[in-house]
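Note: the block below is protein_25.txt and it holds compact mmCIF, C-alpha atoms.
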# COMPACT_ATOMS: atom_id res chain seq x y z
CA MET A 1 51.57 -12.04 10.35
CA ILE A 2 48.75 -12.41 7.75
CA PRO A 3 50.00 -12.55 4.20
CA THR A 4 48.96 -9.62 2.00
CA TRP A 5 47.06 -11.78 -0.45
CA ARG A 6 44.87 -13.10 2.34
CA LYS A 7 44.08 -9.54 3.45
CA ILE A 8 43.08 -8.64 -0.10
CA LEU A 9 40.95 -11.77 -0.46
CA TRP A 10 39.09 -11.21 2.82
CA ALA A 11 38.51 -7.56 1.92
CA MET A 12 36.92 -8.64 -1.38
CA ILE A 13 34.70 -11.23 0.29
CA ILE A 14 33.53 -8.88 3.05
CA GLY A 15 32.99 -5.98 0.66
CA GLY A 16 31.03 -8.13 -1.73
CA LEU A 17 28.80 -9.54 0.99
CA VAL A 18 28.07 -6.10 2.42
CA GLY A 19 27.17 -4.70 -1.00
CA PHE A 20 25.03 -7.72 -1.80
CA ALA A 21 23.16 -7.51 1.52
CA ALA A 22 22.58 -3.77 1.17
CA THR A 23 21.06 -3.98 -2.31
CA THR A 24 18.87 -7.04 -1.79
CA SER A 25 17.57 -6.23 1.71
CA TYR A 26 16.31 -2.79 0.64
CA GLY A 27 14.42 -4.33 -2.26
CA CYS A 28 12.76 -6.99 -0.15
CA GLY A 29 11.90 -4.80 2.81
CA SER A 30 10.34 -1.69 1.39
CA ILE A 31 8.37 -3.01 -1.61
CA GLY A 32 7.63 -6.61 -0.55
CA LEU A 33 4.68 -5.96 1.77
CA LYS A 34 2.82 -3.65 -0.60
CA GLN A 35 3.45 -5.98 -3.52
CA GLN A 36 2.14 -8.89 -1.49
CA ALA A 37 -0.99 -6.95 -0.50
CA VAL A 38 -1.70 -5.78 -4.06
CA ILE A 39 -1.19 -9.20 -5.62
CA THR A 40 -3.44 -10.77 -2.99
CA LEU A 41 -6.11 -8.11 -3.62
CA ASN A 42 -5.85 -8.92 -7.32
CA GLY A 43 -6.46 -12.58 -6.51
CA SER A 44 -9.40 -11.72 -4.30
CA GLU A 45 -10.93 -9.57 -7.01
CA ALA A 46 -10.53 -12.31 -9.61
CA ALA A 47 -12.24 -14.80 -7.30
CA LEU A 48 -15.09 -12.42 -6.47
CA GLU A 49 -15.64 -11.63 -10.15
CA ALA A 50 -15.68 -15.35 -10.93
CA ALA A 51 -18.28 -15.93 -8.19
CA HIS A 52 -20.39 -13.06 -9.50
CA ASP A 53 -20.21 -14.26 -13.10
CA ALA A 54 -21.03 -17.82 -12.07
CA GLU A 55 -24.05 -16.76 -10.01
CA ARG A 56 -25.48 -14.72 -12.89
CA LEU A 57 -24.90 -17.59 -15.28
CA VAL A 58 -26.81 -19.93 -12.99
CA CYS A 59 -29.62 -17.39 -12.66
CA SER A 60 -30.10 -17.17 -16.42
CA PRO A 61 -27.75 -19.08 -18.74
CA THR A 62 -29.46 -17.70 -21.84
CA ALA A 63 -29.53 -14.01 -20.87
CA ASN A 64 -27.04 -11.46 -22.18
CA GLN A 65 -24.43 -11.60 -19.41
CA ALA A 66 -23.24 -8.07 -20.26
CA ALA A 67 -26.68 -6.61 -19.49
CA ALA A 68 -28.92 -6.56 -16.43
CA ILE A 69 -30.25 -9.96 -15.35
CA THR A 70 -33.40 -9.52 -13.33
CA HIS A 71 -35.17 -12.84 -13.79
CA CYS A 72 -33.84 -16.29 -12.91
CA ASP A 73 -35.05 -18.96 -15.32
CA GLY A 74 -32.10 -21.34 -15.45
CA PRO A 75 -32.79 -25.01 -14.64
CA LEU A 76 -30.15 -25.04 -11.89
CA ALA A 77 -31.58 -21.81 -10.44
CA VAL A 78 -34.96 -23.49 -10.16
CA GLN A 79 -33.37 -26.56 -8.60
CA LEU A 80 -31.41 -24.54 -6.02
CA GLY A 81 -34.22 -22.14 -5.25
CA LEU A 82 -32.37 -19.12 -6.65
CA THR A 83 -35.43 -16.90 -6.99
CA ASP A 84 -35.49 -13.40 -8.43
CA ALA A 85 -35.60 -11.98 -4.90
CA LYS A 86 -32.56 -13.99 -3.76
CA HIS A 87 -30.69 -13.05 -6.94
CA GLN A 88 -31.38 -9.35 -6.27
CA ALA A 89 -30.27 -9.71 -2.64
CA LEU A 90 -27.04 -11.31 -3.86
CA ALA A 91 -26.65 -8.53 -6.42
CA ARG A 92 -26.89 -5.91 -3.66
CA ALA A 93 -24.28 -7.74 -1.59
CA PHE A 94 -21.96 -8.09 -4.59
CA SER A 95 -22.40 -4.39 -5.35
CA VAL A 96 -21.33 -3.41 -1.83
CA ALA A 97 -18.35 -5.77 -1.94
CA PHE A 98 -17.14 -4.52 -5.33
CA GLU A 99 -17.47 -0.91 -4.18
CA ALA A 100 -15.37 -1.69 -1.10
CA GLN A 101 -12.87 -3.49 -3.31
CA ALA A 102 -12.50 -0.42 -5.53
CA LYS A 103 -11.97 1.78 -2.45
CA ALA A 104 -9.36 -0.63 -1.10
CA ALA A 105 -7.49 -0.45 -4.41
CA ILE A 106 -7.47 3.37 -4.23
CA VAL A 107 -6.15 3.57 -0.67
CA LEU A 108 -3.50 0.91 -1.28
CA GLN A 109 -2.01 3.13 -3.99
CA ALA A 110 -0.90 5.57 -1.30
CA TRP A 111 -0.06 2.95 1.35
CA ARG A 112 3.58 2.43 2.36
CA ALA A 113 5.08 -0.27 4.54
CA GLY A 114 4.87 0.96 8.12
CA ASP A 115 1.68 2.97 7.56
CA PRO A 116 -1.44 1.93 9.49
CA ALA A 117 -3.59 -0.57 7.64
CA PRO A 118 -6.34 1.22 5.68
CA ALA A 119 -9.83 0.78 7.14
CA SER A 120 -11.14 0.17 3.63
CA VAL A 121 -9.39 -3.19 3.54
CA SER A 122 -11.16 -4.36 6.72
CA GLU A 123 -14.45 -3.14 5.31
CA TYR A 124 -13.80 -5.07 2.10
CA HIS A 125 -13.13 -8.23 4.09
CA GLN A 126 -16.43 -7.79 5.96
CA ASP A 127 -18.41 -7.08 2.78
CA VAL A 128 -17.02 -10.05 0.87
CA SER A 129 -17.74 -12.22 3.92
CA ASP A 130 -21.36 -11.04 3.73
CA VAL A 131 -21.47 -12.16 0.09
CA LEU A 132 -20.21 -15.59 1.09
CA ALA A 133 -22.86 -15.87 3.81
CA LEU A 134 -25.63 -15.17 1.29
CA VAL A 135 -24.11 -17.45 -1.34
CA ALA A 136 -23.95 -20.29 1.18
CA GLN A 137 -27.71 -20.04 1.70
CA VAL A 138 -28.33 -20.96 -1.94
CA PHE A 139 -25.38 -22.79 -3.43
CA PRO A 140 -23.80 -26.04 -2.26
CA THR A 141 -20.32 -25.83 -0.74
CA THR A 142 -18.88 -27.56 -3.76
CA HIS A 143 -20.40 -25.20 -6.33
CA THR A 144 -17.99 -22.81 -8.02
CA VAL A 145 -19.96 -19.77 -6.80
CA THR A 146 -19.29 -20.85 -3.20
CA THR A 147 -15.68 -21.92 -3.69
CA ASP A 148 -14.85 -18.71 -5.57
CA ALA A 149 -16.56 -16.57 -2.93
CA GLN A 150 -14.67 -18.47 -0.21
CA GLN A 151 -11.40 -17.84 -2.03
CA ALA A 152 -12.22 -14.13 -2.24
CA VAL A 153 -12.80 -14.06 1.52
CA ASP A 154 -9.63 -16.03 2.27
CA LYS A 155 -7.52 -13.69 0.17
CA ALA A 156 -9.16 -10.62 1.74
CA ALA A 157 -8.17 -12.02 5.13
CA ALA A 158 -4.65 -12.62 3.86
CA ILE A 159 -4.36 -8.94 2.90
CA LEU A 160 -5.20 -7.97 6.46
CA THR A 161 -2.51 -10.33 7.72
CA THR A 162 0.00 -8.81 5.32
CA LEU A 163 -0.88 -5.32 6.55
CA GLY A 164 -0.53 -6.45 10.15
CA VAL A 165 -4.20 -6.17 11.08
CA GLN A 166 -4.73 -9.81 12.08
CA MET B 167 59.61 -8.33 -3.25
CA PRO B 168 60.55 -8.47 -6.93
CA ILE B 169 58.39 -6.35 -9.22
CA ALA B 170 57.45 -9.36 -11.28
CA GLN B 171 56.03 -11.02 -8.20
CA VAL B 172 54.07 -7.86 -7.30
CA LEU B 173 52.61 -7.70 -10.77
CA ALA B 174 51.70 -11.36 -10.54
CA TRP B 175 49.82 -10.78 -7.28
CA LEU B 176 48.04 -7.76 -8.72
CA SER B 177 46.98 -9.78 -11.73
CA ALA B 178 45.70 -12.56 -9.50
CA GLY B 179 43.88 -10.00 -7.39
CA GLN B 180 42.18 -8.51 -10.45
CA THR B 181 41.12 -11.97 -11.55
CA LEU B 182 39.66 -12.66 -8.13
CA VAL B 183 37.74 -9.36 -8.17
CA SER B 184 36.31 -10.17 -11.60
CA VAL B 185 35.26 -13.63 -10.50
CA GLY B 186 33.75 -12.22 -7.31
CA VAL B 187 31.76 -9.55 -9.12
CA ALA B 188 30.47 -12.06 -11.67
CA THR B 189 29.47 -14.50 -8.94
CA ILE B 190 27.63 -11.86 -6.96
CA ALA B 191 25.84 -10.73 -10.13
CA GLN B 192 24.75 -14.31 -10.80
CA ILE B 193 23.50 -14.70 -7.25
CA LYS B 194 21.56 -11.42 -7.46
CA GLY B 195 20.07 -12.53 -10.75
CA PHE B 196 18.95 -15.79 -9.19
CA ILE B 197 17.41 -13.93 -6.25
CA ALA B 198 15.63 -11.57 -8.66
CA THR B 199 14.13 -14.56 -10.45
CA LEU B 200 12.71 -15.84 -7.17
CA HIS B 201 11.72 -12.41 -5.90
CA PRO B 202 11.39 -10.16 -8.96
CA GLY B 203 9.89 -7.18 -7.14
CA MET B 204 7.40 -4.84 -8.82
CA SER B 205 8.00 -1.15 -9.09
CA ASP B 206 5.58 1.27 -7.47
CA ALA B 207 4.35 2.25 -10.93
CA ASP B 208 3.62 -1.41 -11.75
CA LEU B 209 1.74 -1.85 -8.48
CA ASN B 210 -0.34 1.26 -9.05
CA ALA B 211 -1.16 0.13 -12.59
CA LEU B 212 -2.36 -3.20 -11.19
CA LEU B 213 -4.43 -1.39 -8.55
CA ALA B 214 -6.01 0.78 -11.26
CA ALA B 215 -6.95 -2.38 -13.17
CA ILE B 216 -8.43 -3.88 -10.00
CA GLN B 217 -10.48 -0.74 -9.44
CA GLU B 218 -11.74 -0.76 -13.02
CA GLY B 219 -12.81 -4.40 -12.83
CA ALA B 220 -14.51 -3.90 -9.49
CA LEU B 221 -16.48 -0.91 -10.72
CA ARG B 222 -17.52 -2.75 -13.88
CA HIS B 223 -18.92 -5.61 -11.83
CA LYS B 224 -20.53 -3.19 -9.40
CA ALA B 225 -22.39 -1.61 -12.31
CA LEU B 226 -23.68 -5.05 -13.40
CA ALA B 227 -24.71 -5.89 -9.84
CA ASP B 228 -26.50 -2.55 -9.48
CA ALA B 229 -28.39 -3.20 -12.71
CA ASP B 230 -29.43 -6.66 -11.48
CA ALA B 231 -30.50 -5.31 -8.10
CA ALA B 232 -32.62 -2.58 -9.67
CA GLY B 233 -34.94 -5.28 -11.01
Final structure tokens representation of the file:
Amino acid sequence: MIPTWRKILWAMIIGGLVGFAATTSYGCGSIGLKQQAVITLNGSEAALEAAHDAERLVCSPTANQAAAITHCDGPLAVQLGLTDAKHQALARAFSVAFEAQAKAAIVLQAWRAGDPAPASVSEYHQDVSDVLALVAQVFPTTHTVTTDAQQAVDKAAAILTTLGVQ
Amino acid sequence: MPIAQVLAWLSAGQTLVSVGVATIAQIKGFIATLHPGMSDADLNALLAAIQEGALRHKALADADAAG
């Protein structure tokens, strides 16, 4: 026959483990995926902004970076062949990517684990990939514009993985 | 069983419960440190900041593209 104290002890252990599992598993399961997606989107945005800022700085290091930059006169821009036309093409690609990024942020607000992955996130991944393709035509692979753009793409892809798209 | 013995077991049981609760609380605190978890309100605030930053950069890009 099992002594009473052993029954009490086992009851405490089992009860504690059940309560512990119930509270921690709910927290990890329901909020974890969305948190992961949002934090990754935040990282992608930071990288894309860094790439954008770096490209504009190369285009014209002396221009007011808070205003429109329409002419590339920086020494590195000349060296890399970053012409006004290429800078404007990059600007259009960045504009599309940032717009898609803003849309992705809006739809993720309403997203819940188990919901279908928002199409806006796939569109953002495609748009930021287009930026990278254009950047790669001008900047070396080791330049910060390229590495930041690559990081933005990688993190966009990671969001899709988190949401179960790929 | 003598009453004194019963009281002794009850006291020991209470001590064990206290130790168990404290241990579980410490474990949960450790887990929370590793996996803090953001509230939905925190996530939405971060998403709003992301949207604001993206739109700010879009405006700059649009200005550059306009020539």
Hey, which bits of chain B sit within 6 Å of chain A, and for each residue what's the closest pair of atoms and how far apart in Å (one decimal), counting all atoms listed in the file, rows by chain and increasing number, as CSV?
residue,atom,partner,partner_atom,distance
B:Asn210,CA,A:Gln109,CA,5.6
B:Leu213,CA,A:Ala105,CA,5.2
B:Gln217,CA,A:Ala102,CA,4.4
B:Ala220,CA,A:Phe98,CA,5.0
B:Lys224,CA,A:Ser95,CA,4.6
B:Ala227,CA,A:Ala91,CA,4.7
B:Ala229,CA,A:Ala68,CA,5.0
B:Asp230,CA,A:Ala68,CA,5.0
B:Ala231,CA,A:Gln88,CA,4.5
B:Gly233,CA,A:Thr70,CA,5.1
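Note that the spacing between CA of Lys155 in chain A and CA of Ala47 in chain A amounts to 8.9 Å.
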**Message:** Show me, as a ChimeraX atom specification, the residues that have an atom within 12 Å of range 136-139 of chain A when counting only C-alpha atoms, minus same-chain residues fewer than 3 positions from it.
**Reply:** /A:51,54-55,58-59,76-83,85-87,89-90,129-133,142-150
**Request:** Between CA of Gly74 in chain A and CA of Asp228 in chain B, measure the distance and give it in Å to one decimal.
**Result:**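 Rounded to one decimal, the two atoms are 20.5 Å apart.
Of note, CA of Ala152 in chain A and CA of His125 in chain A are spaced 8.7 Å apart.
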**Prompt:** B:Leu212, B:Gln180, B:Leu226, B:Asp206: which is nearest Arg112 in chain A, counting only C-alpha atoms?
**Reply:** B:Asp206
**Prompt:** With distances taken over only C-alpha atoms, which of A:Val135, A:Val153, A:Leu57, A:Val165 is nearest to Thr40 in chain A?
**Reply:**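 Between A:Val135, A:Val153, A:Leu57, A:Val165, the residue approaching Thr40 in chain A most closely is A:Val153.
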Please export range 98-109 of chain A as a PDB file, in the first residue's frame, restricted to all heavy atoms.
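Result file follows (decode-v8.pdb):
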ATOM      1  N   PHE A  98       8.638  49.567 -50.657  1.00  0.00           N
ATOM      2  CA  PHE A  98       8.206  50.173 -49.388  1.00  0.00           C
ATOM      3  C   PHE A  98       6.681  50.202 -49.291  1.00  0.00           C
ATOM      4  O   PHE A  98       6.119  50.037 -48.206  1.00  0.00           O
ATOM      5  CB  PHE A  98       8.773  51.585 -49.254  1.00  0.00           C
ATOM      6  CG  PHE A  98      10.206  51.618 -48.785  1.00  0.00           C
ATOM      7  CD1 PHE A  98      11.206  52.199 -49.554  1.00  0.00           C
ATOM      8  CD2 PHE A  98      10.572  51.043 -47.573  1.00  0.00           C
ATOM      9  CE1 PHE A  98      12.522  52.217 -49.127  1.00  0.00           C
ATOM     10  CE2 PHE A  98      11.881  51.062 -47.137  1.00  0.00           C
ATOM     11  CZ  PHE A  98      12.864  51.635 -47.917  1.00  0.00           C
ATOM     12  N   GLU A  99       6.014  50.403 -50.438  1.00  0.00           N
ATOM     13  CA  GLU A  99       4.547  50.396 -50.407  1.00  0.00           C
ATOM     14  C   GLU A  99       4.045  48.995 -50.034  1.00  0.00           C
ATOM     15  O   GLU A  99       3.123  48.848 -49.236  1.00  0.00           O
ATOM     16  CB  GLU A  99       3.976  50.807 -51.766  1.00  0.00           C
ATOM     17  CG  GLU A  99       2.446  50.888 -51.770  1.00  0.00           C
ATOM     18  CD  GLU A  99       1.888  51.490 -53.045  1.00  0.00           C
ATOM     19  OE1 GLU A  99       2.671  51.872 -53.945  1.00  0.00           O
ATOM     20  OE2 GLU A  99       0.659  51.598 -53.134  1.00  0.00           O
ATOM     21  N   ALA A 100       4.668  47.977 -50.611  1.00  0.00           N
ATOM     22  CA  ALA A 100       4.282  46.600 -50.292  1.00  0.00           C
ATOM     23  C   ALA A 100       4.583  46.275 -48.829  1.00  0.00           C
ATOM     24  O   ALA A 100       3.833  45.550 -48.174  1.00  0.00           O
ATOM     25  CB  ALA A 100       5.035  45.624 -51.205  1.00  0.00           C
ATOM     26  N   GLN A 101       5.653  46.838 -48.335  1.00  0.00           N
ATOM     27  CA  GLN A 101       6.032  46.615 -46.939  1.00  0.00           C
ATOM     28  C   GLN A 101       4.985  47.212 -46.004  1.00  0.00           C
ATOM     29  O   GLN A 101       4.596  46.599 -45.001  1.00  0.00           O
ATOM     30  CB  GLN A 101       7.391  47.260 -46.683  1.00  0.00           C
ATOM     31  CG  GLN A 101       8.053  46.878 -45.368  1.00  0.00           C
ATOM     32  CD  GLN A 101       9.406  47.518 -45.257  1.00  0.00           C
ATOM     33  OE1 GLN A 101       9.502  48.721 -45.093  1.00  0.00           O
ATOM     34  NE2 GLN A 101      10.443  46.724 -45.344  1.00  0.00           N
ATOM     35  N   ALA A 102       4.525  48.420 -46.332  1.00  0.00           N
ATOM     36  CA  ALA A 102       3.489  49.070 -45.519  1.00  0.00           C
ATOM     37  C   ALA A 102       2.206  48.254 -45.542  1.00  0.00           C
ATOM     38  O   ALA A 102       1.543  48.085 -44.511  1.00  0.00           O
ATOM     39  CB  ALA A 102       3.240  50.488 -46.025  1.00  0.00           C
ATOM     40  N   LYS A 103       1.848  47.725 -46.711  1.00  0.00           N
ATOM     41  CA  LYS A 103       0.630  46.897 -46.822  1.00  0.00           C
ATOM     42  C   LYS A 103       0.785  45.622 -46.002  1.00  0.00           C
ATOM     43  O   LYS A 103      -0.163  45.180 -45.340  1.00  0.00           O
ATOM     44  CB  LYS A 103       0.365  46.535 -48.288  1.00  0.00           C
ATOM     45  CG  LYS A 103      -0.181  47.671 -49.124  1.00  0.00           C
ATOM     46  CD  LYS A 103      -0.434  47.207 -50.547  1.00  0.00           C
ATOM     47  CE  LYS A 103      -0.922  48.364 -51.423  1.00  0.00           C
ATOM     48  NZ  LYS A 103      -1.037  47.964 -52.842  1.00  0.00           N
ATOM     49  N   ALA A 104       1.970  45.021 -46.052  1.00  0.00           N
ATOM     50  CA  ALA A 104       2.203  43.797 -45.284  1.00  0.00           C
ATOM     51  C   ALA A 104       2.042  44.065 -43.790  1.00  0.00           C
ATOM     52  O   ALA A 104       1.491  43.244 -43.052  1.00  0.00           O
ATOM     53  CB  ALA A 104       3.601  43.244 -45.585  1.00  0.00           C
ATOM     54  N   ALA A 105       2.522  45.217 -43.349  1.00  0.00           N
ATOM     55  CA  ALA A 105       2.396  45.570 -41.933  1.00  0.00           C
ATOM     56  C   ALA A 105       0.921  45.719 -41.552  1.00  0.00           C
ATOM     57  O   ALA A 105       0.507  45.310 -40.462  1.00  0.00           O
ATOM     58  CB  ALA A 105       3.149  46.869 -41.639  1.00  0.00           C
ATOM     59  N   ILE A 106       0.116  46.272 -42.436  1.00  0.00           N
ATOM     60  CA  ILE A 106      -1.313  46.459 -42.145  1.00  0.00           C
ATOM     61  C   ILE A 106      -2.008  45.116 -42.027  1.00  0.00           C
ATOM     62  O   ILE A 106      -2.772  44.864 -41.091  1.00  0.00           O
ATOM     63  CB  ILE A 106      -1.975  47.321 -43.246  1.00  0.00           C
ATOM     64  CG1 ILE A 106      -1.444  48.754 -43.189  1.00  0.00           C
ATOM     65  CG2 ILE A 106      -3.489  47.328 -43.071  1.00  0.00           C
ATOM     66  CD1 ILE A 106      -1.890  49.617 -44.351  1.00  0.00           C
ATOM     67  N   VAL A 107      -1.762  44.221 -42.985  1.00  0.00           N
ATOM     68  CA  VAL A 107      -2.494  42.941 -42.978  1.00  0.00           C
ATOM     69  C   VAL A 107      -2.036  42.052 -41.830  1.00  0.00           C
ATOM     70  O   VAL A 107      -2.806  41.263 -41.301  1.00  0.00           O
ATOM     71  CB  VAL A 107      -2.367  42.190 -44.310  1.00  0.00           C
ATOM     72  CG1 VAL A 107      -2.972  43.000 -45.447  1.00  0.00           C
ATOM     73  CG2 VAL A 107      -0.931  41.844 -44.621  1.00  0.00           C
ATOM     74  N   LEU A 108      -0.758  42.178 -41.435  1.00  0.00           N
ATOM     75  CA  LEU A 108      -0.275  41.352 -40.329  1.00  0.00           C
ATOM     76  C   LEU A 108      -0.915  41.746 -39.007  1.00  0.00           C
ATOM     77  O   LEU A 108      -0.957  40.965 -38.066  1.00  0.00           O
ATOM     78  CB  LEU A 108       1.252  41.427 -40.212  1.00  0.00           C
ATOM     79  CG  LEU A 108       2.040  40.502 -41.135  1.00  0.00           C
ATOM     80  CD1 LEU A 108       3.540  40.711 -40.950  1.00  0.00           C
ATOM     81  CD2 LEU A 108       1.697  39.037 -40.891  1.00  0.00           C
ATOM     82  N   GLN A 109      -1.427  42.974 -38.910  1.00  0.00           N
ATOM     83  CA  GLN A 109      -2.100  43.388 -37.678  1.00  0.00           C
ATOM     84  C   GLN A 109      -3.304  42.496 -37.395  1.00  0.00           C
ATOM     85  O   GLN A 109      -3.610  42.190 -36.249  1.00  0.00           O
ATOM     86  CB  GLN A 109      -2.550  44.852 -37.782  1.00  0.00           C
ATOM     87  CG  GLN A 109      -1.427  45.851 -37.630  1.00  0.00           C
ATOM     88  CD  GLN A 109      -1.903  47.290 -37.681  1.00  0.00           C
ATOM     89  OE1 GLN A 109      -3.058  47.565 -37.962  1.00  0.00           O
ATOM     90  NE2 GLN A 109      -1.003  48.212 -37.410  1.00  0.00           N
TER      91      GLN A 109
END
